[in-house]
Amino acid sequence: MRDALGLLTTFGRRGGVLSSRSLLWFPVIGAALGAIVGGAWWVADRAWSPLPAAVIVVIIDLAVTGMLHVDGLADSADGLLPHATRERRLEIMRTPDVGAFGVTVVAVTLLVSVAALSSQPVSVLLVVALWCAARALVAVVPSTMPAARPGGMGAHLVDGATRWTILALPAAIAVGAWGAGWAGAAGVTAGVLAGIAVLVLAARRIGGFTGDVLGATIVLTETVGLLVAAARW
């Protein structure tokens with residue numbers, strides 16, 4: 001658990017070796033992070049108007065996750081979106097520089113998150129459900145997709161990886177419905193589908209997943225879920 005906590009949050013120890021057993025804790029840690037972020041949304045909404053409250057919530061989310069997932073989103077956008085060979089895509093994703101695709105996608109994603117949060121009623125359970133579903137989804141990936149890099153972070157997760165975390169997805173949809181009605185259920189479902197779309201794109205363009213791809217999957221699952229939940233149902 002401590003290795004998963006250290007990877008997914010700014011809490012716990014850093015530098016641990018993430019094992020396939022650690023993946024079982026991803027939905028639990030996701031739900032806990034959602035409770036923190038959702039609780040911050042509830043508090044901020046009572047102290048500020050919706051827009052500044054939403055900005056504060058996004059900042060808190062970035063703080064508790066250490067911006068690791070956003071970094072993965074930037075690297076994935078730079079590697080997966082432009083025209084390039086598989087080898088060149090992986091090389092781009094490995095470099096620390098952030099290009100135009102990465103900057104643009106991250107900026108748009110953060111703007112969408114702020115807009116979605118500020119345009120719907122506060123629902124702590126919706127955030128719990130989305131944050132849980134995002135991490136439950138990526139925890140399933142090593143058991144269903146190959147690692148794109150034989151020596152990358154994800155390669156040693158494939159052996160012994162489990163699909164049991166997928167059971168958290170219907171539970172997350174139910175929690176989303178409990179917290180925000182049909183909009184919540186639709187939001188969690190759409191978020192998961194968006195995350196799957198990222199994984200399919202990675203499979204087609206680099207032949208599997210990387211740590212950056214998993215980070216991008218988490219961020220886009222959350223963002224699309226919030227956006228869909230904010231629609232005028």
# chains A, B, ... in the order shown; residues from 1 in each chain; ligands from 1
>>> residues_around(residues="stretch 77-81 of chain A", least_positions_apart="2", cutoff="7 Å", atoms="only C-alpha atoms", output="list in words")
Leu73, Ala74, Asp75, His83, Arg89, Leu90, Ile92, Met93, Gly99, Phe101, Gly102, Val105, Ala202 and Arg205 of chain A
>>> write_last_selection(atoms="C-alpha atoms", output="JSON list (two decimals), in the first residue's frame")
[["chain", "number", "residue", "atom", "x", "y", "z"],
["A", 73, "LEU", "CA", -0.68, 13.80, -19.74],
["A", 74, "ALA", "CA", 1.81, 16.30, -21.18],
["A", 75, "ASP", "CA", 4.31, 13.62, -22.18],
["A", 83, "HIS", "CA", 2.93, 12.13, -36.66],
["A", 89, "ARG", "CA", 7.06, 8.59, -30.00],
["A", 90, "LEU", "CA", 8.64, 6.65, -27.13],
["A", 92, "ILE", "CA", 9.67, 11.98, -27.17],
["A", 93, "MET", "CA", 7.77, 10.67, -24.14],
["A", 99, "GLY", "CA", 6.22, 20.51, -26.44],
["A", 101, "PHE", "CA", 0.96, 19.40, -27.85],
["A", 102, "GLY", "CA", 1.66, 18.81, -24.17],
["A", 105, "VAL", "CA", -3.60, 19.63, -23.88],
["A", 202, "ALA", "CA", -1.61, 4.21, -26.93],
["A", 205, "ARG", "CA", 0.56, 4.14, -31.66]]
>>> closest_residue(among="A:Ala185, A:Trp41, A:Leu62, A:Gly191", to="A:Ala134", atoms="only C-alpha atoms")
A:Gly191
>>> residues_around(residues="A:Val64", least_positions_apart="5", cutoff="12 Å", atoms="only C-alpha atoms", output="PyMOL selection string")
chain A and resi 5-12+29-30+32-37+40+57-59+69
>>> closest_residue(among="A:Ile173, A:Ala147, A:Val124, A:Ala190", to="A:Thr223", atoms="only C-alpha atoms")
A:Ala190
>>> select_by_dssp(residues="stretch 18-136 of chain A", states="alpha helix (DSSP H)", output="PyMOL selection string")
chain A and resi 26-47+50-65+68-80+86-94+100-118+124-136
>>> residues_around(residues="A:Ala129", least_positions_apart="6", cutoff="6 Å", atoms="only C-alpha atoms", output="ChimeraX atom specification")
/A:172,175-176
>>> write_last_selection(atoms="N, CA and C atoms", output="short mmCIF file (atom, residue, chain, number, x, y, z; two decimals), in the first residue's frame")
data_model
loop_
_atom_site.label_atom_id
_atom_site.label_comp_id
_atom_site.auth_asym_id
_atom_site.auth_seq_id
_atom_site.Cartn_x
_atom_site.Cartn_y
_atom_site.Cartn_z
N ALA A 172 -18.24 2.44 -8.57
CA ALA A 172 -18.02 3.88 -8.73
C ALA A 172 -19.19 4.53 -9.46
N VAL A 175 -21.93 4.97 -6.97
CA VAL A 175 -21.65 6.08 -6.05
C VAL A 175 -21.87 7.41 -6.76
N GLY A 176 -21.46 7.49 -8.03
CA GLY A 176 -21.70 8.71 -8.80
C GLY A 176 -23.17 9.02 -8.93
#
>>> residues_around(residues="A:Trp42", least_positions_apart="6", cutoff="9 Å", atoms="only C-alpha atoms", output="number ranges by chain")
A: 53, 122-124
>>> write_last_selection(atoms="C-alpha atoms", output="mmCIF file, in the first residue's frame")
data_model
loop_
_atom_site.group_PDB
_atom_site.id
_atom_site.type_symbol
_atom_site.label_atom_id
_atom_site.label_comp_id
_atom_site.auth_asym_id
_atom_site.auth_seq_id
_atom_site.Cartn_x
_atom_site.Cartn_y
_atom_site.Cartn_z
ATOM 1 C CA ALA A 53 -13.748 27.795 -5.559
ATOM 2 C CA VAL A 122 -21.065 20.487 -5.283
ATOM 3 C CA SER A 123 -21.042 16.697 -5.020
ATOM 4 C CA VAL A 124 -18.335 15.103 -2.906
#
>>> residues_around(residues="A:Val114", least_positions_apart="4", cutoff="12 Å", atoms="only C-alpha atoms", output="PyMOL selection string")
chain A and resi 41+50-59+61+107-110+118-120+222-224+226-227+230
>>> write_last_selection(atoms="N, CA and C atoms", output="mmCIF file, in the first residue's frame")
data_model
loop_
_atom_site.group_PDB
_atom_site.id
_atom_site.type_symbol
_atom_site.label_atom_id
_atom_site.label_comp_id
_atom_site.auth_asym_id
_atom_site.auth_seq_id
_atom_site.Cartn_x
_atom_site.Cartn_y
_atom_site.Cartn_z
ATOM 1 N N TRP A 41 -13.745 20.919 -2.243
ATOM 2 C CA TRP A 41 -14.765 21.580 -3.080
ATOM 3 C C TRP A 41 -15.926 22.054 -2.213
ATOM 4 N N PRO A 50 -18.508 30.230 -7.200
ATOM 5 C CA PRO A 50 -18.134 28.972 -7.856
ATOM 6 C C PRO A 50 -16.815 28.988 -8.611
ATOM 7 N N LEU A 51 -16.491 30.060 -9.330
ATOM 8 C CA LEU A 51 -15.279 30.049 -10.147
ATOM 9 C C LEU A 51 -13.996 29.998 -9.318
ATOM 10 N N PRO A 52 -13.784 30.929 -8.371
ATOM 11 C CA PRO A 52 -12.569 30.809 -7.556
ATOM 12 C C PRO A 52 -12.545 29.537 -6.726
ATOM 13 N N ALA A 53 -13.709 29.057 -6.305
ATOM 14 C CA ALA A 53 -13.748 27.795 -5.559
ATOM 15 C C ALA A 53 -13.246 26.654 -6.426
ATOM 16 N N ALA A 54 -13.636 26.634 -7.705
ATOM 17 C CA ALA A 54 -13.195 25.590 -8.618
ATOM 18 C C ALA A 54 -11.683 25.658 -8.842
ATOM 19 N N VAL A 55 -11.161 26.873 -8.957
ATOM 20 C CA VAL A 55 -9.710 27.031 -9.127
ATOM 21 C C VAL A 55 -8.960 26.462 -7.920
ATOM 22 N N ILE A 56 -9.457 26.761 -6.742
ATOM 23 C CA ILE A 56 -8.830 26.248 -5.522
ATOM 24 C C ILE A 56 -8.868 24.725 -5.482
ATOM 25 N N VAL A 57 -9.983 24.145 -5.894
ATOM 26 C CA VAL A 57 -10.112 22.686 -5.897
ATOM 27 C C VAL A 57 -9.096 22.052 -6.842
ATOM 28 N N VAL A 58 -8.932 22.617 -8.030
ATOM 29 C CA VAL A 58 -7.968 22.084 -8.996
ATOM 30 C C VAL A 58 -6.546 22.198 -8.446
ATOM 31 N N ILE A 59 -6.247 23.303 -7.791
ATOM 32 C CA ILE A 59 -4.917 23.475 -7.196
ATOM 33 C C ILE A 59 -4.671 22.429 -6.114
ATOM 34 N N ASP A 61 -6.058 19.490 -5.896
ATOM 35 C CA ASP A 61 -5.877 18.194 -6.557
ATOM 36 C C ASP A 61 -4.463 18.046 -7.085
ATOM 37 N N ALA A 107 -3.234 22.662 -20.688
ATOM 38 C CA ALA A 107 -3.953 23.921 -20.451
ATOM 39 C C ALA A 107 -5.450 23.757 -20.671
ATOM 40 N N VAL A 108 -5.823 23.098 -21.768
ATOM 41 C CA VAL A 108 -7.240 22.895 -22.056
ATOM 42 C C VAL A 108 -7.887 22.012 -20.992
ATOM 43 N N THR A 109 -7.178 20.979 -20.570
ATOM 44 C CA THR A 109 -7.715 20.061 -19.561
ATOM 45 C C THR A 109 -7.974 20.778 -18.239
ATOM 46 N N LEU A 110 -7.045 21.603 -17.810
ATOM 47 C CA LEU A 110 -7.232 22.341 -16.562
ATOM 48 C C LEU A 110 -8.373 23.343 -16.679
ATOM 49 N N SER A 118 -17.124 24.594 -11.686
ATOM 50 C CA SER A 118 -17.797 25.850 -11.335
ATOM 51 C C SER A 118 -19.217 25.932 -11.871
ATOM 52 N N SER A 119 -19.618 24.998 -12.733
ATOM 53 C CA SER A 119 -20.938 25.087 -13.360
ATOM 54 C C SER A 119 -21.899 23.985 -12.928
ATOM 55 N N GLN A 120 -21.606 23.324 -11.811
ATOM 56 C CA GLN A 120 -22.511 22.300 -11.311
ATOM 57 C C GLN A 120 -22.544 22.323 -9.788
ATOM 58 N N GLU A 222 -11.026 11.691 -15.180
ATOM 59 C CA GLU A 222 -11.600 12.643 -14.226
ATOM 60 C C GLU A 222 -12.213 13.852 -14.932
ATOM 61 N N THR A 223 -11.467 14.412 -15.892
ATOM 62 C CA THR A 223 -11.907 15.649 -16.544
ATOM 63 C C THR A 223 -13.157 15.439 -17.384
ATOM 64 N N VAL A 224 -13.158 14.401 -18.206
ATOM 65 C CA VAL A 224 -14.334 14.121 -19.030
ATOM 66 C C VAL A 224 -15.530 13.788 -18.145
ATOM 67 N N LEU A 226 -16.188 14.919 -15.105
ATOM 68 C CA LEU A 226 -16.717 16.166 -14.552
ATOM 69 C C LEU A 226 -17.477 16.958 -15.609
ATOM 70 N N LEU A 227 -16.937 16.978 -16.836
ATOM 71 C CA LEU A 227 -17.583 17.742 -17.904
ATOM 72 C C LEU A 227 -18.965 17.164 -18.243
ATOM 73 N N ALA A 230 -21.555 17.859 -15.674
ATOM 74 C CA ALA A 230 -21.976 19.252 -15.618
ATOM 75 C C ALA A 230 -22.970 19.607 -16.716
#
>>> closest_residue(among="A:Val213, A:Ala229, A:Val198, A:Leu220", to="A:Ala183", atoms="only C-alpha atoms")
A:Ala229
>>> atom_distance(atom1="atom CA of A:Thr85", atom2="atom CA of A:Val141")
23.1 Å
>>> residues_around(residues="A:Gly215", least_positions_apart="3", cutoff="8 Å", atoms="only C-alpha atoms", output="PyMOL selection string")
chain A and resi 68-73+211-212+218-219
>>> atom_distance(atom1="atom CA of A:Leu169", atom2="atom CA of A:Ser143")
15.8 Å
>>> closest_residue(among="A:Gly66, A:Gly187, A:Pro146, A:Gly207", to="A:Leu125", atoms="only C-alpha atoms")
A:Gly187
>>> closest_residue(among="A:Gly39, A:Pro170, A:Gly195, A:Gly225", to="A:Val138", atoms="only C-alpha atoms")
A:Gly195
